[in-house]
Amino acid sequence: MERIEWGGWPNCVRLTSGAIDLIATTDVGPRVLFLGARGGRNLMGVNEEQLGQVGGDTWRIYGGHRLWHAPEAMPRSYAPDNFPVTAEAIDGGVRLSQEAEALTGIRKEIEITTGKKPGTFHLRHRLINTGQWAVECAPWALTVMAPGSEAFLPHVPYAPHPDALLPAGPLVLWPYTNMSDSRFTWGERLIRLRHDASATGALKLGMRNANGWAACRNGAWWFIKQYPFDPNATYPDFGSNVEMFSNPEILEIESLGPLTKLSPLGGFVVHDEVWTVAEEPADSKADSDEEVLGVVNIILSDEN
């Protein structure tokens, strides 16, 4: 763990896995704000006007990666994270911990460690109930990607009728989601959502996804987020364990853990993700659904 200045925040930490840097600030958060090759472009999207800001009681998006608790509600989900967090060195990385939210009594922690495979990071998200009453919620890990990115969610494997008689899983829509919007591509094996700064309005989509991954491409660089799936658990948002959101400013890929009742005075829930960052193989194409799946399989082929 290296302490550096980044983005106008003087107290940041940098972890390196192979040639890939991950930078989180301790001046606000917990927030991861940079992910990419050393000296290269940031694969995460950040709000340039909010870089370096601290304090105040208004929630700021900042960008990057954050931890929320679902289901989404105003003002509960939008508790400001504008204040310093504690950075504790742990084996292979760092634990970032905030003070409990005044409104909810929930304290957020993110542990980040480097993986065995270069370009990988393990993130453990923890929600801790410090209040006097039990709270039901789900951990919700949201990652803002850089402008111009395209996100991918895999379908379940195809099976013909009448061999498959039961549904494979829910596809969840929000009232502002226009399925005919050109930012969506509804493929045979993948659902794609493309960021478009010239577009109008927001889109959101949720799925119950047993595949356990979502991917994002920006130029030749790929970001893959892996997450656990429990077929016996109850997930928020009509059973969604992964979601995508976009508006003209941002594109997000989000994973969710099961709804959990946190007991008072210390009850907690944990949600894990594995991040992999890699360049597209030089001899690969990634246009069709099958080609995209091939690239993802190549990138994930070695142990994380």
# chains A, B, ... in the order shown; residues from 1 in each chain; ligands from 1
call {"tool": "select_by_dssp", "arguments": {"residues": "stretch 7-237 of chain A", "states": "helix (DSSP H, G or I)", "output": "list in words"}}
result
Glu48, Glu49, Gln50, Arg76, Ser77, Tyr78, Pro236 and Asp237 of chain A
call {"tool": "residues_around", "arguments": {"residues": "A:Gly119", "least_positions_apart": "2", "cutoff": "6 Å", "atoms": "only C-alpha atoms", "output": "list in words"}}
result
Ser17, Gly18, Ile20, Thr276 and Val277 of chain A
call {"tool": "residues_around", "arguments": {"residues": "A:Met179", "least_positions_apart": "4", "cutoff": "9 Å", "atoms": "only C-alpha atoms", "output": "list in words"}}
result
Leu173, Phe184 and Leu203 of chain A
call {"tool": "write_last_selection", "arguments": {"atoms": "N, CA and C atoms", "output": "PDB file, in the first residue's frame"}}
result
ATOM      1  N   LEU A 173     -37.242  -4.007 -15.006  1.00  0.00           N
ATOM      2  CA  LEU A 173     -37.220  -2.689 -15.639  1.00  0.00           C
ATOM      3  C   LEU A 173     -37.655  -1.625 -14.655  1.00  0.00           C
ATOM      4  N   PHE A 184     -29.249   0.366 -25.839  1.00  0.00           N
ATOM      5  CA  PHE A 184     -29.386  -1.063 -25.596  1.00  0.00           C
ATOM      6  C   PHE A 184     -29.141  -1.861 -26.872  1.00  0.00           C
ATOM      7  N   LEU A 203     -31.475   5.144 -18.155  1.00  0.00           N
ATOM      8  CA  LEU A 203     -31.920   3.773 -18.374  1.00  0.00           C
ATOM      9  C   LEU A 203     -31.423   2.925 -17.220  1.00  0.00           C
TER      10      LEU A 203
END
call {"tool": "closest_atom_pairs", "arguments": {"of": "stretch 44-110 of chain A", "to": "stretch 147-154 of chain A", "cutoff": "12 Å", "atoms": "only C-alpha atoms", "output": "JSON lines"}}
result
{"residue": "A:Met44", "atom": "CA", "partner": "A:Pro147", "partner_atom": "CA", "distance": 8.3}
{"residue": "A:Gly45", "atom": "CA", "partner": "A:Pro147", "partner_atom": "CA", "distance": 6.4}
{"residue": "A:Val46", "atom": "CA", "partner": "A:Pro147", "partner_atom": "CA", "distance": 9.3}
{"residue": "A:Asn47", "atom": "CA", "partner": "A:Pro147", "partner_atom": "CA", "distance": 10.9}
{"residue": "A:Gly63", "atom": "CA", "partner": "A:Pro147", "partner_atom": "CA", "distance": 11.4}
{"residue": "A:Gly64", "atom": "CA", "partner": "A:Pro147", "partner_atom": "CA", "distance": 11.9}
call {"tool": "write_last_selection", "arguments": {"atoms": "N, CA and C atoms", "output": "mmCIF file, in the first residue's frame"}}
result
data_model
loop_
_atom_site.group_PDB
_atom_site.id
_atom_site.type_symbol
_atom_site.label_atom_id
_atom_site.label_comp_id
_atom_site.auth_asym_id
_atom_site.auth_seq_id
_atom_site.Cartn_x
_atom_site.Cartn_y
_atom_site.Cartn_z
ATOM 1 N N MET A 44 -12.370 4.090 -14.807
ATOM 2 C CA MET A 44 -13.528 4.525 -14.043
ATOM 3 C C MET A 44 -13.926 5.937 -14.446
ATOM 4 N N GLY A 45 -15.205 6.222 -14.323
ATOM 5 C CA GLY A 45 -15.691 7.575 -14.543
ATOM 6 C C GLY A 45 -15.719 8.350 -13.248
ATOM 7 N N VAL A 46 -15.239 9.589 -13.271
ATOM 8 C CA VAL A 46 -15.276 10.457 -12.099
ATOM 9 C C VAL A 46 -15.862 11.802 -12.497
ATOM 10 N N ASN A 47 -16.432 12.484 -11.515
ATOM 11 C CA ASN A 47 -16.962 13.822 -11.724
ATOM 12 C C ASN A 47 -15.832 14.819 -11.519
ATOM 13 N N GLY A 63 -18.048 9.649 -8.378
ATOM 14 C CA GLY A 63 -17.710 8.658 -9.391
ATOM 15 C C GLY A 63 -16.935 7.517 -8.777
ATOM 16 N N GLY A 64 -16.309 6.690 -9.638
ATOM 17 C CA GLY A 64 -15.554 5.552 -9.148
ATOM 18 C C GLY A 64 -16.459 4.471 -8.581
#
call {"tool": "select_by_dssp", "arguments": {"residues": "stretch 57-107 of chain A", "states": "strand (DSSP E or B)", "output": "PyMOL selection string"}}
result
chain A and resi 63+65-70+86-90+93-97+106-107
call {"tool": "closest_residue", "arguments": {"among": "A:Pro80, A:Pro228, A:Gly29, A:Gly219", "to": "A:Leu96", "atoms": "only C-alpha atoms"}}
result
A:Gly29
call {"tool": "closest_residue", "arguments": {"among": "A:Ala286, A:Ala233, A:Ala146, A:Val292", "to": "A:Leu256", "atoms": "only C-alpha atoms"}}
result
A:Ala233
call {"tool": "decode", "arguments": {"residues": "stretch 156-179 of chain A", "atoms": "N, CA and C atoms", "output": "short mmCIF file (atom, residue, chain, number, x, y, z; two decimals), in the first residue's frame"}}
result
data_model
loop_
_atom_site.label_atom_id
_atom_site.label_comp_id
_atom_site.auth_asym_id
_atom_site.auth_seq_id
_atom_site.Cartn_x
_atom_site.Cartn_y
_atom_site.Cartn_z
N VAL A 156 -28.73 -16.54 -19.70
CA VAL A 156 -28.56 -17.95 -19.38
C VAL A 156 -28.33 -18.71 -20.69
N PRO A 157 -27.68 -19.87 -20.64
CA PRO A 157 -27.46 -20.64 -21.87
C PRO A 157 -28.77 -20.98 -22.57
N TYR A 158 -28.74 -20.94 -23.88
CA TYR A 158 -29.94 -21.22 -24.68
C TYR A 158 -30.37 -22.67 -24.54
N ALA A 159 -31.68 -22.88 -24.46
CA ALA A 159 -32.26 -24.22 -24.50
C ALA A 159 -33.56 -24.14 -25.30
N PRO A 160 -33.82 -25.08 -26.20
CA PRO A 160 -34.99 -24.99 -27.07
C PRO A 160 -36.28 -25.40 -26.37
N HIS A 161 -37.38 -24.91 -26.89
CA HIS A 161 -38.70 -25.39 -26.49
C HIS A 161 -39.02 -26.64 -27.32
N PRO A 162 -39.60 -27.68 -26.75
CA PRO A 162 -40.19 -27.77 -25.41
C PRO A 162 -39.25 -28.33 -24.34
N ASP A 163 -37.95 -28.43 -24.65
CA ASP A 163 -37.04 -28.93 -23.62
C ASP A 163 -37.04 -28.05 -22.38
N ALA A 164 -37.14 -26.72 -22.59
CA ALA A 164 -37.17 -25.76 -21.48
C ALA A 164 -38.59 -25.23 -21.34
N LEU A 165 -39.25 -25.61 -20.27
CA LEU A 165 -40.64 -25.18 -20.05
C LEU A 165 -40.75 -24.11 -18.96
N LEU A 166 -39.77 -24.03 -18.07
CA LEU A 166 -39.84 -23.08 -16.97
C LEU A 166 -39.00 -21.85 -17.29
N PRO A 167 -39.35 -20.68 -16.72
CA PRO A 167 -38.58 -19.47 -16.99
C PRO A 167 -37.16 -19.56 -16.43
N ALA A 168 -36.27 -18.82 -17.05
CA ALA A 168 -34.86 -18.85 -16.64
C ALA A 168 -34.53 -17.82 -15.58
N GLY A 169 -35.30 -16.73 -15.49
CA GLY A 169 -35.01 -15.70 -14.51
C GLY A 169 -35.66 -14.39 -14.90
N PRO A 170 -35.80 -13.47 -13.96
CA PRO A 170 -36.48 -12.20 -14.24
C PRO A 170 -35.56 -11.19 -14.92
N LEU A 171 -36.15 -10.39 -15.77
CA LEU A 171 -35.54 -9.18 -16.32
C LEU A 171 -36.32 -8.01 -15.76
N VAL A 172 -35.65 -7.13 -15.01
CA VAL A 172 -36.33 -6.12 -14.21
C VAL A 172 -36.13 -4.74 -14.84
N LEU A 173 -37.24 -4.01 -15.01
CA LEU A 173 -37.22 -2.69 -15.64
C LEU A 173 -37.65 -1.63 -14.66
N TRP A 174 -37.19 -0.40 -14.88
CA TRP A 174 -37.59 0.77 -14.12
C TRP A 174 -38.54 1.62 -14.99
N PRO A 175 -39.37 2.45 -14.37
CA PRO A 175 -40.34 3.22 -15.16
C PRO A 175 -39.71 4.11 -16.22
N TYR A 176 -38.45 4.51 -16.02
CA TYR A 176 -37.80 5.39 -16.99
C TYR A 176 -36.99 4.62 -18.03
N THR A 177 -37.08 3.28 -18.03
CA THR A 177 -36.31 2.47 -18.97
C THR A 177 -37.09 2.29 -20.27
N ASN A 178 -36.54 2.81 -21.35
CA ASN A 178 -37.11 2.67 -22.69
C ASN A 178 -36.37 1.56 -23.41
N MET A 179 -37.02 0.43 -23.60
CA MET A 179 -36.35 -0.73 -24.18
C MET A 179 -35.98 -0.53 -25.64
#
